[in-house]
$ cat start20.txt   # compact mmCIF, C-alpha atoms
# COMPACT_ATOMS: atom_id res chain seq x y z
CA MET A 1 75.46 163.56 49.15
CA SER A 2 75.32 163.75 52.94
CA ILE A 3 76.31 160.10 53.09
CA TRP A 4 79.70 160.89 51.55
CA LEU A 5 80.17 163.80 53.96
CA THR A 6 79.39 161.37 56.79
CA TYR A 7 82.09 159.07 55.42
CA LEU A 8 84.58 161.92 55.47
CA GLY A 9 83.70 162.63 59.10
CA MET A 10 84.04 158.95 59.99
CA ALA A 11 87.35 158.76 58.15
CA ALA A 12 88.62 161.91 59.89
CA VAL A 13 87.94 160.69 63.45
CA THR A 14 89.34 157.25 62.60
CA TYR A 15 92.43 158.71 60.99
CA ALA A 16 93.01 160.99 63.97
CA ALA A 17 93.10 158.01 66.35
CA ARG A 18 95.47 156.12 64.05
CA ALA A 19 97.72 159.03 63.12
CA ILE A 20 98.22 161.22 66.20
CA PRO A 21 100.38 158.76 68.17
CA LEU A 22 102.33 157.79 65.04
CA LEU A 23 103.07 161.41 64.15
CA VAL A 24 103.68 162.74 67.66
CA MET A 25 106.05 160.01 68.90
CA ARG A 26 109.13 160.91 66.87
CA ASN A 27 111.82 161.05 69.52
CA ASN A 28 113.06 158.50 72.01
CA PRO A 29 110.20 157.95 74.42
CA PRO A 30 111.04 158.46 78.12
CA PRO A 31 112.03 155.14 79.76
CA TRP A 32 108.75 154.74 81.64
CA LEU A 33 106.77 155.11 78.41
CA ALA A 34 109.05 152.75 76.50
CA LEU A 35 108.61 150.15 79.25
CA TRP A 36 104.85 150.68 79.24
CA LEU A 37 104.60 150.29 75.47
CA ARG A 38 106.62 147.08 75.57
CA TYR A 39 103.70 145.29 77.23
CA VAL A 40 100.94 146.76 75.06
CA PRO A 41 101.00 143.94 72.46
CA ALA A 42 100.36 141.13 74.95
CA ALA A 43 97.61 143.15 76.65
CA VAL A 44 95.88 144.17 73.40
CA PHE A 45 96.12 140.71 71.82
CA THR A 46 94.58 139.19 74.93
CA ALA A 47 91.77 141.75 74.89
CA LEU A 48 91.05 140.90 71.27
CA VAL A 49 90.99 137.16 71.99
CA VAL A 50 89.38 136.40 75.33
CA PRO A 51 86.11 138.41 75.15
CA ALA A 52 85.60 137.08 71.61
CA LEU A 53 85.72 133.53 73.02
CA VAL A 54 83.68 133.87 76.20
CA THR A 55 80.99 136.41 75.24
CA THR A 56 78.37 136.73 72.52
CA SER A 57 76.56 139.82 71.29
CA GLY A 58 72.81 139.73 71.21
CA ALA A 59 69.87 142.09 71.27
CA ALA A 60 70.46 142.69 75.00
CA GLY A 61 74.11 143.58 74.47
CA ARG A 62 77.11 141.40 75.20
CA VAL A 63 76.59 138.46 77.55
CA LEU A 64 78.81 135.75 79.01
CA SER A 65 78.59 132.58 76.93
CA LEU A 66 80.77 129.62 77.84
CA GLY A 67 80.38 127.17 74.96
CA PRO A 68 82.31 125.31 72.27
CA ALA A 69 84.27 128.47 71.39
CA VAL A 70 86.01 128.40 74.78
CA LEU A 71 87.17 124.80 74.34
CA ALA A 72 88.22 125.50 70.75
CA GLY A 73 90.19 128.48 72.00
CA ILE A 74 91.97 126.39 74.64
CA ILE A 75 92.85 123.75 72.03
CA GLY A 76 94.08 126.50 69.70
CA ALA A 77 96.19 127.95 72.50
CA LEU A 78 97.81 124.56 73.19
CA VAL A 79 98.58 124.08 69.49
CA ALA A 80 100.00 127.61 69.25
CA TRP A 81 102.09 127.04 72.40
CA ARG A 82 103.59 123.81 71.06
CA THR A 83 103.99 124.67 67.38
CA SER A 84 103.95 128.49 67.01
CA ASN A 85 102.16 127.76 63.72
CA ALA A 86 99.26 130.12 63.00
CA ILE A 87 97.64 128.09 60.22
CA LEU A 88 97.72 124.91 62.27
CA THR A 89 96.29 126.82 65.24
CA VAL A 90 93.33 128.13 63.23
CA VAL A 91 92.65 124.77 61.55
CA CYS A 92 92.80 122.76 64.82
CA GLY A 93 90.68 125.38 66.59
CA MET A 94 88.00 125.47 63.89
CA VAL A 95 87.82 121.68 63.48
CA SER A 96 87.53 121.16 67.23
CA PHE A 97 84.83 123.87 67.37
CA TRP A 98 82.74 122.11 64.71
CA VAL A 99 83.26 118.69 66.30
CA ILE A 100 82.37 119.92 69.80
CA ARG A 101 79.29 121.74 68.49
CA MET A 102 78.18 118.64 66.64
CA VAL A 103 78.70 116.40 69.70
CA MET A 104 76.86 118.85 71.92
CA GLY A 105 74.04 118.90 69.36
CA GLY A 106 74.15 122.67 68.88
CA MET B 107 119.52 153.75 45.46
CA GLN B 108 118.83 150.59 43.53
CA GLY B 109 119.51 148.49 46.63
CA GLU B 110 117.31 150.66 48.82
CA THR B 111 114.41 150.43 46.38
CA THR B 112 114.74 146.64 46.21
CA GLY B 113 114.81 146.43 50.01
CA ARG B 114 111.66 148.52 50.27
CA TRP B 115 109.89 146.44 47.69
CA GLN B 116 110.85 143.26 49.50
CA ALA B 117 109.64 144.65 52.83
CA ILE B 118 106.30 145.70 51.31
CA ARG B 119 105.93 142.31 49.69
CA SER B 120 106.75 140.32 52.82
CA GLY B 121 104.30 142.47 54.82
CA PHE B 122 101.65 141.85 52.20
CA VAL B 123 102.25 138.07 52.19
CA ALA B 124 102.49 137.79 56.00
CA THR B 125 99.04 139.38 56.30
CA MET B 126 97.41 136.74 54.10
CA ILE B 127 97.18 134.65 57.28
CA VAL B 128 94.31 136.89 58.42
CA TRP B 129 92.47 136.93 55.07
CA PRO B 130 90.26 133.91 55.90
CA GLY B 131 89.14 135.64 59.10
CA VAL B 132 88.46 138.98 57.41
CA ALA B 133 86.97 138.12 54.02
CA PRO B 134 83.68 136.58 55.24
CA PHE B 135 82.97 139.71 57.23
CA GLY B 136 83.79 142.01 54.33
CA MET B 137 81.18 140.10 52.35
CA VAL B 138 78.60 140.26 55.13
CA TYR B 139 79.28 143.95 55.58
CA ALA B 140 78.46 144.47 51.89
CA VAL B 141 75.26 142.44 52.14
CA SER B 142 74.04 144.33 55.19
CA ALA B 143 74.99 147.71 53.69
CA LEU B 144 73.03 147.01 50.52
CA ALA B 145 70.12 145.77 52.64
CA ALA B 146 70.24 149.03 54.60
CA GLY B 147 69.68 150.91 51.36
CA LEU B 148 73.22 151.99 50.45
CA SER B 149 74.14 151.84 46.77
CA PHE B 150 77.02 149.68 45.55
CA ALA B 151 79.24 152.77 45.22
CA GLU B 152 78.36 153.88 48.75
CA THR B 153 78.97 150.39 50.12
CA LEU B 154 82.40 150.08 48.53
CA GLY B 155 83.12 153.75 49.24
CA MET B 156 82.82 153.25 53.00
CA SER B 157 85.27 150.31 52.85
CA LEU B 158 87.77 152.41 50.89
CA ILE B 159 87.40 155.71 52.75
CA VAL B 160 86.76 154.65 56.36
CA PHE B 161 88.35 151.16 56.32
CA ALA B 162 87.47 150.06 59.86
CA GLY B 163 85.36 146.91 60.06
CA ALA B 164 83.53 147.15 63.37
CA SER B 165 82.60 150.80 62.89
CA GLN B 166 81.39 150.11 59.35
CA PHE B 167 78.97 147.49 60.64
CA THR B 168 77.76 149.92 63.29
CA ALA B 169 77.37 152.73 60.74
CA VAL B 170 75.28 150.49 58.51
CA GLY B 171 72.96 149.79 61.41
CA LEU B 172 72.70 153.49 62.16
CA PHE B 173 72.11 154.42 58.50
CA ALA B 174 69.33 151.83 58.41
CA ALA B 175 67.82 153.36 61.54
CA GLY B 176 67.96 156.80 59.95
CA ALA B 177 70.42 158.17 62.50
CA ASN B 178 71.89 161.62 61.87
CA PRO B 179 75.46 161.98 60.56
CA ILE B 180 76.81 163.45 63.80
CA SER B 181 75.79 160.45 65.86
CA ILE B 182 77.24 158.10 63.25
CA ILE B 183 80.56 159.98 63.34
CA ALA B 184 80.51 160.00 67.15
CA ALA B 185 79.90 156.23 67.26
CA THR B 186 82.79 155.75 64.84
CA ALA B 187 85.09 157.84 67.02
CA ILE B 188 84.19 155.81 70.11
CA ILE B 189 84.65 152.43 68.42
CA ASN B 190 87.96 153.43 66.85
CA ALA B 191 89.45 155.13 69.91
CA ARG B 192 91.35 151.89 70.58
CA HIS B 193 93.51 152.70 67.56
CA LEU B 194 95.23 155.35 69.70
CA LEU B 195 96.84 152.54 71.63
CA LEU B 196 97.67 150.42 68.60
CA ALA B 197 99.23 153.42 66.86
CA ALA B 198 101.27 154.34 69.95
CA SER B 199 102.52 150.77 70.15
CA THR B 200 103.37 150.71 66.42
CA ALA B 201 105.07 154.11 66.72
CA SER B 202 107.49 152.66 69.27
CA TYR B 203 108.82 150.36 66.52
CA ILE B 204 108.80 152.63 63.45
CA ARG B 205 109.25 156.14 64.85
CA GLN B 206 112.55 156.59 63.01
CA SER B 207 110.97 156.35 59.56
CA PRO B 208 109.97 159.54 57.66
CA GLY B 209 106.89 161.46 58.83
CA TRP B 210 105.06 161.14 55.51
CA LEU B 211 105.48 157.37 55.59
CA ARG B 212 104.09 157.18 59.14
CA ALA B 213 101.18 159.34 57.99
CA VAL B 214 100.50 156.86 55.17
CA VAL B 215 100.83 153.85 57.48
CA ALA B 216 98.35 155.47 59.89
CA PHE B 217 95.58 155.55 57.29
CA GLN B 218 95.29 151.76 57.10
CA LEU B 219 96.36 150.61 60.56
CA THR B 220 93.93 147.97 61.89
CA ASP B 221 93.80 145.38 64.68
CA GLU B 222 94.90 142.71 62.22
CA THR B 223 97.80 144.51 60.60
CA TYR B 224 98.95 145.85 63.96
CA ALA B 225 99.24 142.25 65.15
CA VAL B 226 101.07 141.08 62.04
CA GLY B 227 103.45 144.04 62.26
CA VAL B 228 104.25 143.72 65.96
CA GLN B 229 104.99 140.02 65.90
CA GLN B 230 107.37 140.62 62.98
CA PHE B 231 109.02 143.65 64.64
CA GLU B 232 109.58 141.68 67.84
CA LYS B 233 111.73 139.31 65.78
CA THR B 234 113.48 141.61 63.30
CA GLY B 235 113.02 145.20 64.50
CA GLY B 236 110.65 147.84 63.17
CA ASP B 237 110.11 148.44 59.45
CA ALA B 238 107.49 150.94 58.27
CA TRP B 239 107.57 149.50 54.75
CA PHE B 240 106.68 146.06 56.08
CA GLN B 241 103.78 147.65 57.96
CA PHE B 242 102.72 149.45 54.79
CA GLY B 243 102.69 146.16 52.87
CA ALA B 244 100.67 144.50 55.64
CA ASN B 245 98.16 147.37 55.62
CA LEU B 246 97.89 147.25 51.83
CA SER B 247 97.18 143.53 52.03
CA LEU B 248 94.26 144.00 54.40
CA TYR B 249 92.96 147.01 52.45
CA PHE B 250 93.00 144.86 49.32
CA ILE B 251 91.12 141.90 50.83
CA TRP B 252 88.61 144.17 52.57
CA ALA B 253 87.81 145.98 49.32
CA LEU B 254 87.75 142.74 47.32
CA SER B 255 85.46 140.98 49.79
CA THR B 256 83.16 144.03 49.81
CA VAL B 257 82.85 143.75 46.03
CA ILE B 258 82.33 139.97 46.12
CA GLY B 259 79.74 140.35 48.87
CA SER B 260 77.88 142.95 46.80
CA LEU B 261 77.84 140.62 43.80
CA LEU B 262 76.84 137.44 45.63
CA GLY B 263 74.40 139.21 47.91
CA ALA B 264 72.02 137.03 49.82
CA LEU B 265 73.72 133.83 48.62
CA ILE B 266 76.27 134.30 51.39
CA PRO B 267 75.53 132.30 54.54
CA ASP B 268 75.86 133.93 57.94
CA PRO B 269 79.54 133.49 58.88
CA ALA B 270 78.78 133.62 62.60
CA GLY B 271 76.35 130.71 62.14
CA LEU B 272 79.22 128.68 60.70
CA GLY B 273 81.48 129.71 63.55
CA LEU B 274 83.76 131.64 61.20
CA ASP B 275 83.90 134.52 63.67
CA LEU B 276 86.24 132.22 65.62
CA ILE B 277 88.96 132.55 62.97
CA PHE B 278 89.80 136.04 64.20
CA PRO B 279 90.48 135.16 67.88
CA LEU B 280 92.23 131.92 66.88
CA THR B 281 94.60 133.85 64.63
CA PHE B 282 95.34 136.24 67.48
CA ILE B 283 95.97 133.31 69.85
CA ALA B 284 98.67 132.19 67.45
CA PHE B 285 100.21 135.67 67.64
CA LEU B 286 99.81 135.85 71.42
CA MET B 287 101.22 132.52 72.63
CA PRO B 288 104.84 133.06 71.53
CA MET B 289 104.67 136.41 73.30
CA VAL B 290 103.72 135.09 76.75
CA ARG B 291 106.75 132.88 77.36
CA ASP B 292 108.09 135.17 80.07
CA ARG B 293 106.54 135.79 83.47
CA VAL B 294 105.80 139.49 83.01
CA ASN B 295 103.97 139.08 79.71
CA ARG B 296 102.04 136.13 81.13
CA SER B 297 100.86 138.23 84.06
CA VAL B 298 99.95 141.06 81.67
CA ALA B 299 97.85 138.65 79.60
CA LEU B 300 96.07 137.22 82.67
CA LEU B 301 95.19 140.68 83.96
CA ALA B 302 94.14 141.90 80.51
CA ALA B 303 91.92 138.83 80.13
CA GLY B 304 90.04 139.64 83.34
CA ILE B 305 89.70 143.35 82.62
CA SER B 306 88.67 142.88 79.00
CA VAL B 307 85.93 140.38 79.79
CA ALA B 308 84.52 142.52 82.61
CA ALA B 309 84.68 145.66 80.47
CA ALA B 310 83.21 143.89 77.44
CA LEU B 311 80.21 142.88 79.54
CA TRP B 312 79.62 146.25 81.19
CA LEU B 313 80.89 148.91 78.78
CA PRO B 314 79.61 149.64 75.26
CA GLY B 315 81.63 149.48 72.04
CA SER B 316 85.26 148.46 72.07
CA TRP B 317 86.35 150.34 75.19
CA TYR B 318 87.39 147.00 76.61
CA VAL B 319 90.35 146.82 74.22
CA LEU B 320 91.60 150.26 75.18
CA LEU B 321 91.02 149.72 78.89
CA ALA B 322 92.59 146.26 79.12
CA GLY B 323 95.42 147.37 76.85
CA LEU B 324 96.28 150.41 78.97
CA ILE B 325 95.93 148.84 82.41
CA GLY B 326 97.46 145.49 81.43
CA SER B 327 100.55 147.09 79.92
CA ALA B 328 100.93 149.60 82.77
CA PHE B 329 100.88 146.67 85.19
CA GLY B 330 103.51 144.95 83.03
CA ALA B 331 105.79 147.97 83.22
CA TRP B 332 105.42 148.11 87.00
CA PHE B 333 105.88 144.36 87.41
CA ALA B 334 108.99 144.35 85.18
CA GLY B 335 110.38 147.16 87.35
CA VAL B 336 110.02 145.20 90.61
CA THR B 337 111.09 141.86 89.11
CA PRO B 338 114.81 141.02 89.21
CA LYS B 339 116.39 141.61 85.82
CA THR B 340 116.66 138.57 83.58
CA THR B 341 118.99 138.23 80.66
CA PRO B 342 117.43 138.51 77.19
CA LYS B 343 117.96 134.79 76.72
CA GLU B 344 115.95 133.89 79.81
CA GLN B 345 113.21 136.23 78.77
CA LEU B 346 112.95 134.61 75.35

$ encode --input "start20.txt" --output "structure tokens"
Amino acid sequence: MSIWLTYLGMAAVTYAARAIPLLVMRNNPPPWLALWLRYVPAAVFTALVVPALVTTSGAAGRVLSLGPAVLAGIIGALVAWRTSNAILTVVCGMVSFWVIRMVMGG
Amino acid sequence: MQGETTGRWQAIRSGFVATMIVWPGVAPFGMVYAVSALAAGLSFAETLGMSLIVFAGASQFTAVGLFAAGANPISIIAATAIINARHLLLAASTASYIRQSPGWLRAVVAFQLTDETYAVGVQQFEKTGGDAWFQFGANLSLYFIWALSTVIGSLLGALIPDPAGLGLDLIFPLTFIAFLMPMVRDRVNRSVALLAAGISVAAALWLPGSWYVLLAGLIGSAFGAWFAGVTPKTTPKEQL
């Protein structure tokens, strides 16, 4: 039973983080906040991409790891820059990752 | 009324379909989550229940580890709060696009807002303007694939290979690269991305959990706002 209560607690704290800004920000934000929020997507997307490419998580926590994933990410970025095609970006990135890993003998 | 209902339905459907692009990145991890939850001693109902009630990938993985270690509920809830604090920023960003929609709808959208559906929503809203129903459809799409992959993972169990071993954990950042690149065609956004890259890597190495997303997101965007203020105005066309 306590496991389901734990879920409710987890859901409550998660929902609070997701809901409070969405429910509070009803009116026109002040100009400084609107300007700030305009650059959140680029900053957040970058934060979701770059550490995922250049670090790995192990028993000792997260460590820097510059391997095939970095090169695959650069190739993906070039494809995305030229084509703006998400599927092509993922396919080219994954294929180059597997090829690079095979060549490097990983 | 008929027209409005049709428009809603179309927005939900296009949000749902647009989010399928992230399914390949999400599904393997839904399956692995299920396998590790069952291995940690959770029942099938409890495994699926967490996906349906909590619906937050990284914190579910962490919770499974803590359940397996016999941690107490309070520490599990605290860990969840820390990992999911980044949603404050995603929700604030989403709110700036859909704040004019009804409160109940924003409350519903908030329940299923994730990294993935935030990204799908924002890159659509940048093109066509905000639409809470589109966001709802996107959220529903991810909720569906997360639940489905949890069920499939529970059924297949140990037959599932380690997705990280296959490099499938790369699908997630690659998908986000595709969302990011069209966004950094102007000088301000490019500077924001460069700064956020540096901060996020440093914070990822030295801070626990996902603080690095919140930190890089806040500082990077604040820098962008300042930089845009001191940069001579460009026309919308030049900004592209």

$ atom_distance --input "start20.txt" --atom1 "CA of Thr14 (chain A)" --atom2 "CA of Pro269 (chain B)"
26.0 Å

$ interface_residues --input "start20.txt" --of "chain B" --to "chain A" --cutoff "7 Å" --atoms "only C-alpha atoms" --output "number ranges by chain"
B: 156, 159-160, 179, 183, 186-187, 190-191, 193-194, 197-199, 201, 205-206, 209, 212-213, 216-217, 219, 277, 279-284, 286-289, 295, 298-299, 302-303, 306-307, 310-311, 319, 322-323, 326-328, 330-331

$ atom_distance --input "start20.txt" --atom1 "CA of Ala244 (chain B)" --atom2 "CA of Thr223 (chain B)"
5.7 Å

$ atom_distance --input "start20.txt" --atom1 "CA of Glu222 (chain B)" --atom2 "CA of Phe161 (chain B)"
12.2 Å

$ residues_around --input "start20.txt" --residues "Ala169 (chain B)" --least-positions-apart "2" --cutoff "8 Å" --atoms "all atoms listed in the file" --output "PyMOL selection string"
chain B and resi 165-167+171-173+182+185-186

$ build_atoms --input "start20.txt" --residues "region 23-59 of chain A" --atoms "N, CA and C atoms" --output "short mmCIF file (atom, residue, chain, number, x, y, z; two decimals), in the coordinates of the input"
data_model
loop_
_atom_site.label_atom_id
_atom_site.label_comp_id
_atom_site.auth_asym_id
_atom_site.auth_seq_id
_atom_site.Cartn_x
_atom_site.Cartn_y
_atom_site.Cartn_z
N LEU A 23 102.40 160.18 64.59
CA LEU A 23 103.07 161.41 64.15
C LEU A 23 103.74 162.14 65.31
N VAL A 24 103.15 162.00 66.51
CA VAL A 24 103.68 162.74 67.66
C VAL A 24 104.94 162.08 68.22
N MET A 25 104.95 160.72 68.22
CA MET A 25 106.05 160.01 68.90
C MET A 25 107.24 159.84 67.96
N ARG A 26 107.98 160.94 67.78
CA ARG A 26 109.13 160.91 66.87
C ARG A 26 110.42 160.62 67.61
N ASN A 27 110.55 161.15 68.80
CA ASN A 27 111.82 161.05 69.52
C ASN A 27 111.83 159.82 70.42
N ASN A 28 112.97 159.57 71.02
CA ASN A 28 113.06 158.50 72.01
C ASN A 28 112.02 158.72 73.09
N PRO A 29 111.15 157.75 73.33
CA PRO A 29 110.20 157.95 74.42
C PRO A 29 110.94 157.90 75.75
N PRO A 30 110.43 158.59 76.79
CA PRO A 30 111.04 158.46 78.12
C PRO A 30 110.98 156.99 78.56
N PRO A 31 111.93 156.56 79.39
CA PRO A 31 112.03 155.14 79.76
C PRO A 31 110.73 154.54 80.28
N TRP A 32 109.98 155.32 81.09
CA TRP A 32 108.75 154.74 81.64
C TRP A 32 107.75 154.44 80.54
N LEU A 33 107.72 155.32 79.50
CA LEU A 33 106.77 155.11 78.41
C LEU A 33 107.22 153.94 77.53
N ALA A 34 108.53 153.86 77.30
CA ALA A 34 109.05 152.75 76.50
C ALA A 34 108.74 151.42 77.18
N LEU A 35 108.89 151.38 78.50
CA LEU A 35 108.61 150.15 79.25
C LEU A 35 107.13 149.82 79.19
N TRP A 36 106.30 150.86 79.32
CA TRP A 36 104.85 150.68 79.24
C TRP A 36 104.45 150.09 77.88
N LEU A 37 104.98 150.70 76.82
CA LEU A 37 104.60 150.29 75.47
C LEU A 37 105.07 148.87 75.16
N ARG A 38 106.12 148.41 75.86
CA ARG A 38 106.62 147.08 75.57
C ARG A 38 105.57 146.02 75.89
N TYR A 39 104.68 146.30 76.83
CA TYR A 39 103.70 145.29 77.23
C TYR A 39 102.32 145.51 76.63
N VAL A 40 102.22 146.52 75.74
CA VAL A 40 100.94 146.76 75.06
C VAL A 40 100.53 145.58 74.16
N PRO A 41 101.45 145.02 73.34
CA PRO A 41 101.00 143.94 72.46
C PRO A 41 100.33 142.78 73.19
N ALA A 42 100.95 142.27 74.24
CA ALA A 42 100.36 141.13 74.95
C ALA A 42 98.99 141.50 75.53
N ALA A 43 98.88 142.73 76.06
CA ALA A 43 97.61 143.15 76.65
C ALA A 43 96.52 143.31 75.58
N VAL A 44 96.87 143.94 74.46
CA VAL A 44 95.88 144.17 73.40
C VAL A 44 95.47 142.85 72.75
N PHE A 45 96.46 142.00 72.45
CA PHE A 45 96.12 140.71 71.82
C PHE A 45 95.16 139.93 72.71
N THR A 46 95.45 139.92 74.01
CA THR A 46 94.58 139.19 74.93
C THR A 46 93.17 139.77 74.91
N ALA A 47 93.09 141.11 74.89
CA ALA A 47 91.77 141.75 74.89
C ALA A 47 91.00 141.48 73.60
N LEU A 48 91.73 141.22 72.52
CA LEU A 48 91.05 140.90 71.27
C LEU A 48 90.63 139.44 71.21
N VAL A 49 91.27 138.60 72.04
CA VAL A 49 90.99 137.16 71.99
C VAL A 49 89.92 136.75 73.00
N VAL A 50 90.16 137.04 74.28
CA VAL A 50 89.38 136.40 75.33
C VAL A 50 87.89 136.80 75.30
N PRO A 51 87.54 138.09 75.23
CA PRO A 51 86.11 138.41 75.15
C PRO A 51 85.43 137.79 73.92
N ALA A 52 86.18 137.67 72.82
CA ALA A 52 85.60 137.08 71.61
C ALA A 52 85.26 135.61 71.83
N LEU A 53 85.97 134.96 72.77
CA LEU A 53 85.72 133.53 73.02
C LEU A 53 84.65 133.29 74.07
N VAL A 54 84.55 134.17 75.05
CA VAL A 54 83.68 133.87 76.20
C VAL A 54 82.42 134.73 76.25
N THR A 55 82.23 135.62 75.26
CA THR A 55 80.99 136.41 75.24
C THR A 55 80.35 136.33 73.86
N THR A 56 79.04 136.57 73.81
CA THR A 56 78.37 136.73 72.52
C THR A 56 77.54 138.01 72.56
N SER A 57 77.37 138.60 71.39
CA SER A 57 76.56 139.82 71.29
C SER A 57 75.16 139.47 70.84
N GLY A 58 74.20 139.95 71.58
CA GLY A 58 72.81 139.73 71.21
C GLY A 58 72.03 141.02 71.28
N ALA A 59 70.71 140.91 71.23
CA ALA A 59 69.87 142.09 71.27
C ALA A 59 70.05 142.83 72.60
#
